[in-house]
Each structure stands twice: as C-alpha cells, then as structure tokens.
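Everything below concerns the one structure shown next.
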Amino acid sequence: MSPYVVMRKRIAFLFLCVAVFLLVLVIRLAYVQLGQGAGLSKIADDTHFRGVPVAPKRGNIEDRQGNVLAMSVSSETIYAVPAEVRQSGRTKEIAADLAQLLGKTESEIEERISKRSILEYVQKRVTPEIAAQVRARKYPGIGTTEDSQRYYPNGSLAAHLIGFAGIDNQGLEGIELTRNQEMNGIPGSILREFAANGIELPEAEHQYLAPQQGNTVRLTIDKNIQAFAERELQKIMSGQGVNMEGQVPKSASILVMDPSSGEMLAIATLPSFDPNHYQEYDPGVRRNIAVQNGYEPGSTFKIITLAAALEEKEINVDSHFFDKGFYSVLGKNVRCWKAGGHGDQTFRQVAENSCNPGFVEMGQRLGMDKFYKYLQDFGFGQKTGIEMSGEALGILANKKKATALDLATMSIGQTNNVTAIQLLTAVAAVANGGTLLKPQLVREIVDSNGQVVTPFKKEEVRKVISKETSNLECEILEGVVTNGTGRRAFLPGYRVAGKTGTAQKVVNGGYVQGEYIASFVSFAPANSPRLAILAVIDGVPFYGGVVAAPPVQAVMLDSLKYLGLKPDPAAPLTPSKPLPGLEFPPVKKAAVIPSVLGLSLEEAQKILNQVGFKLETEGQGEVVLDQIPHGDARVEEGSTVLLYLGQEAGQTAAANWWQEEDEDIEAIKALPGRIPLSN
C-alpha cells in the first residue's frame, strides 16, 4: 500500500475520532444544559444565596369558644455572618460593644461571631429597642431578623393542659407538645447573594420568602368552666375552702367532662405554674397528676361495682340485704363505717348509705371472672388515650393471685390503683347510657384562613352496660345525693347524681394514718347528664363528702347556669327525709389524736374522752395493743378511735375498718400487705 493511501486513512481515522468526541461533548452538554440545568442552577443559587431564617408564627391554642389560651407575639433575633465579621477585621470591637449591649461576656460573643459557620444566632428574643440599636450601628456581618415567642395571656390558667414551648418555639409539654407539628408552620428566609469567600456582594440581590403561619388548635376546654374549677382549687389549696378549717392538702384536681361526647371541659390541677416562666418552677409542679398519677379511689369506685352487679342481674335494687356491721370473707371481717351496721336495707339503700358489706356482697355474687371483665371493659388498667403525654395505666391486682378477700376490697374501691381521668371516663359511661368514650381535648384544627382542617370526632370505645342499667343506676346515684352520703353536693332545683370517696393514702406500699385522698364524683342533670365532675384532694384529714363535695357542688352550679340550664320544676328543692346524722352536719375542727398504746383500757378511755374523742374496742383484754387512727394523726374533733385490746403488750393487732358517723371513709389498712383485716 502506497504511503499516500496510508496517510489518507490515518487522517480519516483522526477526523472520525474528533467527530465522535465532539458528538459526545454535544450530547453531554445538552444533557447538562437541558436535563440537569434546573438542579445545577439551584445549587449555584444555594451557593451564592444564603438565607437568614425567618421564623413562622406558631399557631394559637384556643378554647372551644375561640378564646386565646396561647399565642405567638413578634420579637427579633440578632444574627451574625462570621465570614463577613472576620473579613472586616473588627471582631473584637464588635464583640465588646455587643457584650455590653446584651449583658453577656465579651469572650462569649467573640467566640460566637467568629465561628467557622455560615450563620450564627447571637441573641434570640431581644427587645425592639436593642434590635434598633444593633441596626443603627451597621456592623459588618451583624443583622436582625423577625422572630416570635410564645405568650400565655391567662398565666397559669389550664397550664398543665396547655403545656409550654421552649426558646426555639418547639412544644415541650402538654398540647404544645402533642400538636407541635400542626402549630409549627413553615419557616421563611431572607436570601442575600455572597461571593465564594463568604462576603456579601455589593449591590447584591435580596429575596424574601415569607413564612407560613401554623394552624390553630381549638380545644374542647371551656375557659370559664376551667376558671370555675381553678377558683375552687385555689380555695382548697389555701385552706380557705368549705370545711377545710385551714388545712392545706398536697395537691388537688377537678376534672369536668361532657359525658355524652367525651369532651373535656376542664382539667384543673394545683399546685400549678405560669408557662410564661416555666423555667422558674420545679418539674414536679408541672406534672399533670390528673392524668399521670394513680390513687386508690375508695367509694367512688362503688359506682362500677354497682353497674356490674345490676348489668349481670346479680342484685335486685329492691331486694333486701341485712348489714350486721361487717362481712366475713376467708375468716376476716370487712366492716361497715357505721358501728353495728345499717341492719335491714334494700340494695338501693346500700348505695345511698355507701354500705361496705353490701358492696362486698355484690362483688362476691359477681365472682372474680365477671368482676375483672367489667374492670377491663370500663377501661381500668389501660390508657384512656387522652391527648396528653405520660398518661399512667393504673395498676390492677393480679387476677391469678387474687383471693376472695382481694375481691372484697376491690369491690369497695381499695387495692386497685386508677387515674382520675380513668375514673371520670368510666363514670361518664354509666351516665351516658352505657358507652365508654375516649376523652377528647382537641375540638378542631383551623388553618390561618379560618378553615377547619381536622374536625372533632366522638370516639366510642365499647358498650359496657345497657341503657336500662344506666338509667337505673343514674336514679340510684341521684338518691345518694338526695337521701344519702352525698348531700353536700345537693343543688335545689337540679337533679344531681354523685358518690363520695375517701381512701387512706398509700406511701411506699403502706398506708399513712390520718391522711386521706378525698374525692367526689357527680353528674347532672341525672336524667340527661350534661356535665360529669370529679374532684380529688390529696393529703387531708377529712373525708370525701366533707371536703370534695362542696367544690364539686360550686363548679356544677356555676357551670349549669353558664351553659343556660335552668332549674327543673320537677326537681326537689330540699333533700328528702334525712338519715340520722346526715343532715348537713357541721364539720368539726381538726384535732390531734393522742397515743394510748400500752395503757389500760380505763386510762385510755379517760385520756381520749378528755380531748373529746369517742372510742370503740376490738378484742379481749385490758391493755391497748394498737389504735386506729394512730397517735398524732389529725382528724375531726369528736371522731371515733378504735382500740385493739389484749393481755400482753407486743402482740400484733390486725388493722380494721373505722369511720366517723357522718361520712363513708373507705379503708383503714395498716398492716403489711395492705389488706384491711380484723380477727
């Protein structure tokens, strides 16, 4: 082959390679320009344009009427662009001036504004005056941006329910936490164009992306009913409440629910805190004890025992039961609060008198399997699902290990541990026709345009008792207020149902003598309930009907009037014929019981009578081996002290049941094992 032909082939091959290379280059250029152009352009903009975030306004929290409970107010934040500050060579000068202006150390400010980062916040939530001074100085790399902070216009009102948001507007507790995502909104930014060295370009382009405000959370809570409840709690916690006689409990709660829908109208707890200054309070004060703490309910739980016995037709309310003063189970006596018992009575009267032996009989007739079925059906030992973090489960006795004696104590509200929200939800099921409802706190979510995004929906959990059983029990519980132990909650012209409860406090697995958890649960009107209210008062020497019924009565009356419910012409204006000793007896002052352990019966009787106490005895002998309540316990003047007698000091006396004449205290259980016994 001639050299000329070889040369031509080589030139052709070279041109072919160049053509292929150019073709690939064109294809690649087209791909980058057309296929990746938008993305690369965005990357370039992100590199050259740096944004200063503009916080959105967090959505409001409102009550069911639209009253603002939490809102965001405008504030300003000082920021720094460290690269620009360093480039100016004035880092120390700027740090010294800002430190004096903001009340911080110079080293702290200098470290922050000279960091190797794109953007640093120097100080959040500064006053408008300080922000204006910073802008006037026109320091390179230092600027201000719009911010917001949370404000609670009603102070501590509903604080445990609302919760609070932190310095970055993130919900930390309460509804602020559980609905944080809906209220947060979408941040905006101020975009500024920078060179590769981090310095803002002269005559640079600025862009403003507006933030989107968060949604408003409208609660089921009614601000006025919440205020009624907190007003009564303030009286109780100051020792000025009805029948408090200066006694100050450790804590107290009042919960109000619409039993027909499960909507919570109030959850009030004291001690409380101001969410505007939440950092100043002990974390324990911020605990929502109505949802997160359990307690032994005492006689208020008898509502559940009665419902189960009626539903299973284990009792007929008009059939008779003879109360001889105690009920024997496995050789142990569960005593009635009334010395000698109530004698012959119907089961309707058993409920009105809060007769312990009568309710023990109901539990024994039900048996363990049926009793536990209703415990579970009514929601005990499980969360209600209320929209609050940290809800407690409550504690149920192990069914496999439970005895007939455990069944007896559970039937009258002892042994098991419940939360206030569990008990009110269960009682609401009895009141509303027999349907257990999920307690609701959020009525609806509303966007910034006023449109409802998420509406409230009533959630039925399960049917627990029939409508017929519900109607009958509502009638019986109305009799408790009209004829029985709940008279202090009676409202002239309104049909009110209710039940008292008093349980001795459990601390470290044992019972504290002379200190009780007093409670009262009520609903009205009894024939068509609009409100169900529970009050729980922890750490008082008096009983549920004495200290817990009056605040419930006050909240119920004000709330019924506020809701526009007029008195029923057919409702009684005065209680029915009173039972002996229950005609609104005057509450006596607190008194300290002296210890008479080791003394003879004659000496003990003399000492107790001198200070105004009555006494009853248990056992044989002349020496006092034990006493209930124990020495130094604070109780009402004129209360009854139960003395255990024996022949020799040092014997172990069994705990027993004791109750002053005009109220139904549930249990005095002093021995290890926490079971109320008597030999």
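Ligands are numbered from 1 in the order shown, residues from 1 within each chain, and chains are lettered A, B, ... in the order they appear in the structure tokens.
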Could you list, with a cut-off of 12 Å and counting only C-alpha atoms, the residues of region 360-474 of chain A near region 526-546 of chain A, each shown with its nearest atom pair and the distance in Å rounded to one decimal, rows sorted by chain and ascending number, as a tab-separated table?
```
residue	atom	partner	partner_atom	distance
A:Val418	CA	A:Val536	CA	11.9
A:Thr419	CA	A:Val536	CA	10.2
A:Ala420	CA	A:Val536	CA	7.5
A:Ile421	CA	A:Leu534	CA	8.8
A:Gln422	CA	A:Leu534	CA	10.8
A:Leu423	CA	A:Leu534	CA	8.4
A:Leu424	CA	A:Leu534	CA	6.3
A:Thr425	CA	A:Ala532	CA	9.0
A:Ala426	CA	A:Ala532	CA	10.6
A:Val427	CA	A:Ala532	CA	7.9
A:Ala428	CA	A:Ala532	CA	6.4
A:Ala429	CA	A:Ala532	CA	10.2
A:Val430	CA	A:Pro529	CA	10.3
A:Ala431	CA	A:Pro529	CA	6.5
A:Asn432	CA	A:Pro529	CA	6.9
A:Gly433	CA	A:Ser528	CA	9.4
A:Lys467	CA	A:Asn527	CA	11.9
A:Ser470	CA	A:Asn527	CA	10.0
A:Asn471	CA	A:Asn527	CA	7.5
A:Leu472	CA	A:Asn527	CA	9.9
A:Glu473	CA	A:Ala526	CA	9.7
A:Cys474	CA	A:Ala526	CA	5.9
```
Subject >> Backbone-only DSSP, strand (DSSP E or B) members of region 425-615 of chain A, as JSON, numbers by chain >> reply: {"A": [435, 436, 437, 440, 442, 443, 444, 445, 446, 452, 453, 454, 455, 460, 461, 462, 463, 497, 498, 499, 500, 501, 502, 503, 504, 505, 506, 507, 510, 511, 512, 513, 514, 515, 516, 517, 518, 519, 520, 521, 522, 523, 524, 531, 532, 533, 534, 535, 536, 537, 538, 539, 540, 590, 591, 592, 600, 614, 615]}
Write the residues you've just listed into a file as a PDB file, in the first residue's frame, and include C-alpha atoms for each of them.
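Contents of selection_22.pdb, freshly written:
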```
ATOM      1  CA  THR A 435     -70.984   3.667  76.228  1.00  0.00           C
ATOM      2  CA  LEU A 436     -67.323   4.161  77.121  1.00  0.00           C
ATOM      3  CA  LEU A 437     -65.950   7.148  75.170  1.00  0.00           C
ATOM      4  CA  GLN A 440     -61.177  14.369  73.948  1.00  0.00           C
ATOM      5  CA  VAL A 442     -58.933  18.852  70.743  1.00  0.00           C
ATOM      6  CA  ARG A 443     -62.169  20.070  69.187  1.00  0.00           C
ATOM      7  CA  GLU A 444     -60.740  21.047  65.781  1.00  0.00           C
ATOM      8  CA  ILE A 445     -57.640  22.225  63.894  1.00  0.00           C
ATOM      9  CA  VAL A 446     -58.089  25.501  61.985  1.00  0.00           C
ATOM     10  CA  VAL A 452     -61.321  23.659  59.642  1.00  0.00           C
ATOM     11  CA  VAL A 453     -58.588  21.208  58.697  1.00  0.00           C
ATOM     12  CA  THR A 454     -59.349  18.462  61.225  1.00  0.00           C
ATOM     13  CA  PRO A 455     -62.792  18.362  62.912  1.00  0.00           C
ATOM     14  CA  GLU A 460     -66.811   5.228  71.042  1.00  0.00           C
ATOM     15  CA  VAL A 461     -64.577   2.621  72.650  1.00  0.00           C
ATOM     16  CA  ARG A 462     -67.164  -0.026  73.571  1.00  0.00           C
ATOM     17  CA  LYS A 463     -70.596  -0.609  75.052  1.00  0.00           C
ATOM     18  CA  ALA A 497     -76.240  12.244  90.987  1.00  0.00           C
ATOM     19  CA  GLY A 498     -72.989  11.516  92.772  1.00  0.00           C
ATOM     20  CA  LYS A 499     -70.811   9.439  95.065  1.00  0.00           C
ATOM     21  CA  THR A 500     -68.356  10.249  97.826  1.00  0.00           C
ATOM     22  CA  GLY A 501     -64.997   8.562  98.225  1.00  0.00           C
ATOM     23  CA  THR A 502     -62.267   8.545 100.876  1.00  0.00           C
ATOM     24  CA  ALA A 503     -59.203   6.333 100.754  1.00  0.00           C
ATOM     25  CA  GLN A 504     -56.223   6.227 103.036  1.00  0.00           C
ATOM     26  CA  LYS A 505     -53.013   7.274 101.298  1.00  0.00           C
ATOM     27  CA  VAL A 506     -50.541   4.641 100.179  1.00  0.00           C
ATOM     28  CA  VAL A 507     -46.863   5.560 100.619  1.00  0.00           C
ATOM     29  CA  GLY A 510     -48.125   1.062 103.307  1.00  0.00           C
ATOM     30  CA  TYR A 511     -50.959   3.264 104.489  1.00  0.00           C
ATOM     31  CA  VAL A 512     -50.454   6.656 106.143  1.00  0.00           C
ATOM     32  CA  GLN A 513     -52.570   7.047 109.255  1.00  0.00           C
ATOM     33  CA  GLY A 514     -54.849  10.081 109.484  1.00  0.00           C
ATOM     34  CA  GLU A 515     -54.182  11.295 105.927  1.00  0.00           C
ATOM     35  CA  TYR A 516     -56.627  10.627 103.121  1.00  0.00           C
ATOM     36  CA  ILE A 517     -57.339  11.150  99.468  1.00  0.00           C
ATOM     37  CA  ALA A 518     -60.815  12.646  99.493  1.00  0.00           C
ATOM     38  CA  SER A 519     -62.873  12.593  96.309  1.00  0.00           C
ATOM     39  CA  PHE A 520     -66.342  13.181  94.960  1.00  0.00           C
ATOM     40  CA  VAL A 521     -67.765  12.394  91.523  1.00  0.00           C
ATOM     41  CA  SER A 522     -71.034  13.836  90.277  1.00  0.00           C
ATOM     42  CA  PHE A 523     -73.079  14.318  87.125  1.00  0.00           C
ATOM     43  CA  ALA A 524     -76.128  16.436  86.289  1.00  0.00           C
ATOM     44  CA  LEU A 531     -71.685  17.565  82.984  1.00  0.00           C
ATOM     45  CA  ALA A 532     -69.664  14.973  84.888  1.00  0.00           C
ATOM     46  CA  ILE A 533     -67.270  16.330  87.521  1.00  0.00           C
ATOM     47  CA  LEU A 534     -64.611  14.643  89.642  1.00  0.00           C
ATOM     48  CA  ALA A 535     -62.659  16.278  92.462  1.00  0.00           C
ATOM     49  CA  VAL A 536     -59.638  14.541  94.023  1.00  0.00           C
ATOM     50  CA  ILE A 537     -57.929  16.125  97.037  1.00  0.00           C
ATOM     51  CA  ASP A 538     -54.698  14.570  98.253  1.00  0.00           C
ATOM     52  CA  GLY A 539     -53.440  14.811 101.817  1.00  0.00           C
ATOM     53  CA  VAL A 540     -56.285  15.969 104.087  1.00  0.00           C
ATOM     54  CA  ALA A 590     -59.115  19.210 113.163  1.00  0.00           C
ATOM     55  CA  ALA A 591     -57.698  17.643 116.315  1.00  0.00           C
ATOM     56  CA  VAL A 592     -54.648  15.520 117.100  1.00  0.00           C
ATOM     57  CA  SER A 600     -55.011   0.126 130.265  1.00  0.00           C
ATOM     58  CA  LYS A 614     -65.151   8.608 121.210  1.00  0.00           C
ATOM     59  CA  LEU A 615     -63.821   5.086 121.319  1.00  0.00           C
TER      60      LEU A 615
END
```
Subject >> alpha helix (DSSP H) residues, from DSSP on the backbone, in region 220-344 of chain A, as JSON, numbers by chain >> reply: {"A": [223, 224, 225, 226, 227, 228, 229, 230, 231, 232, 233, 234, 235, 236, 237, 289, 290, 291, 292, 302, 303, 304, 305, 306, 307, 308, 309, 310, 311]}
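Closest approach to Tyr151 (chain A) among A:Ile221, A:Val68, A:Ala131, A:Met183: A:Val68, based on only C-alpha atoms.
With only C-alpha atoms taken into account, the protein and nucleic acid residues at most 12 Å from Arg90 (chain A) (excluding it and anything under 2 positions from it in its own chain) are Pro82, Ala83, Glu84, Val85, Arg86, Gln87, Ser88, Lys92, Glu93, Ile94, Ala95, Ala96, Asp97, Glu110, Ile113, Ser114, Tyr139, Pro140, Gly141 and Ile142 of chain A.
Note that the spacing between CA of His160 (chain A) and CA of Ala252 (chain A) amounts to 12.8 Å.
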**OP:** Using only C-alpha atoms, determine which residues lie at most 12 Å from Ile61 (chain A), disregarding the query and same-chain residues fewer than 4 positions distant; provide the list as a ChimeraX atom specification.
**Re:** /A:65-72,150-154,158-159,161-165,171,174-177,179-180,182-184,214-221,223,441-447
Which residues come within 9 Å of Val122 (chain A), counting only C-alpha atoms, excluding same-chain residues fewer than 6 positions away, as a PDB file with N, CA and C atoms, in the first residue's frame?
```
ATOM      1  N   THR A  77     -34.417  38.671  66.522  1.00  0.00           N
ATOM      2  CA  THR A  77     -33.215  37.909  66.839  1.00  0.00           C
ATOM      3  C   THR A  77     -32.012  38.562  66.169  1.00  0.00           C
ATOM      4  N   ILE A  78     -30.912  38.664  66.908  1.00  0.00           N
ATOM      5  CA  ILE A  78     -29.658  39.193  66.356  1.00  0.00           C
ATOM      6  C   ILE A  78     -28.839  38.020  65.828  1.00  0.00           C
ATOM      7  N   TYR A  79     -28.353  38.146  64.591  1.00  0.00           N
ATOM      8  CA  TYR A  79     -27.567  37.080  63.987  1.00  0.00           C
ATOM      9  C   TYR A  79     -26.232  37.633  63.480  1.00  0.00           C
ATOM     10  N   ALA A  80     -25.325  36.711  63.174  1.00  0.00           N
ATOM     11  CA  ALA A  80     -24.006  37.093  62.645  1.00  0.00           C
ATOM     12  C   ALA A  80     -23.652  36.203  61.471  1.00  0.00           C
ATOM     13  N   ILE A 109     -19.362  36.397  73.189  1.00  0.00           N
ATOM     14  CA  ILE A 109     -19.812  36.988  71.930  1.00  0.00           C
ATOM     15  C   ILE A 109     -18.761  36.789  70.835  1.00  0.00           C
ATOM     16  N   ARG A 112     -18.740  33.356  69.375  1.00  0.00           N
ATOM     17  CA  ARG A 112     -19.905  33.051  68.546  1.00  0.00           C
ATOM     18  C   ARG A 112     -19.813  33.718  67.169  1.00  0.00           C
ATOM     19  N   ILE A 113     -19.392  35.000  67.124  1.00  0.00           N
ATOM     20  CA  ILE A 113     -19.418  35.722  65.845  1.00  0.00           C
ATOM     21  C   ILE A 113     -18.210  35.410  64.975  1.00  0.00           C
ATOM     22  N   ILE A 142     -23.375  41.676  60.997  1.00  0.00           N
ATOM     23  CA  ILE A 142     -24.321  41.623  62.118  1.00  0.00           C
ATOM     24  C   ILE A 142     -25.654  42.193  61.649  1.00  0.00           C
TER      25      ILE A 142
END
```
Subject >> For Gly434 (chain A), the nearest of the candidates A:Gly331, A:Met362, A:Ala308, A:Pro550, counting only C-alpha atoms >> reply: A:Ala308
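The space separating CA of Asp558 (chain A) from CA of Ser253 (chain A) comes to 17.4 Å.
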Original post:
In Å, with one decimal, what is the gap from CA of Lys561 (chain A) to CA of Gly484 (chain A)?
Top reply: 24.9 Å
Subject >> Of the listed residues A:Gly394, A:Gly143, A:Pro128, A:Pro575, that which approaches Pro297 (chain A) most closely, counting only C-alpha atoms >> reply: A:Gly394
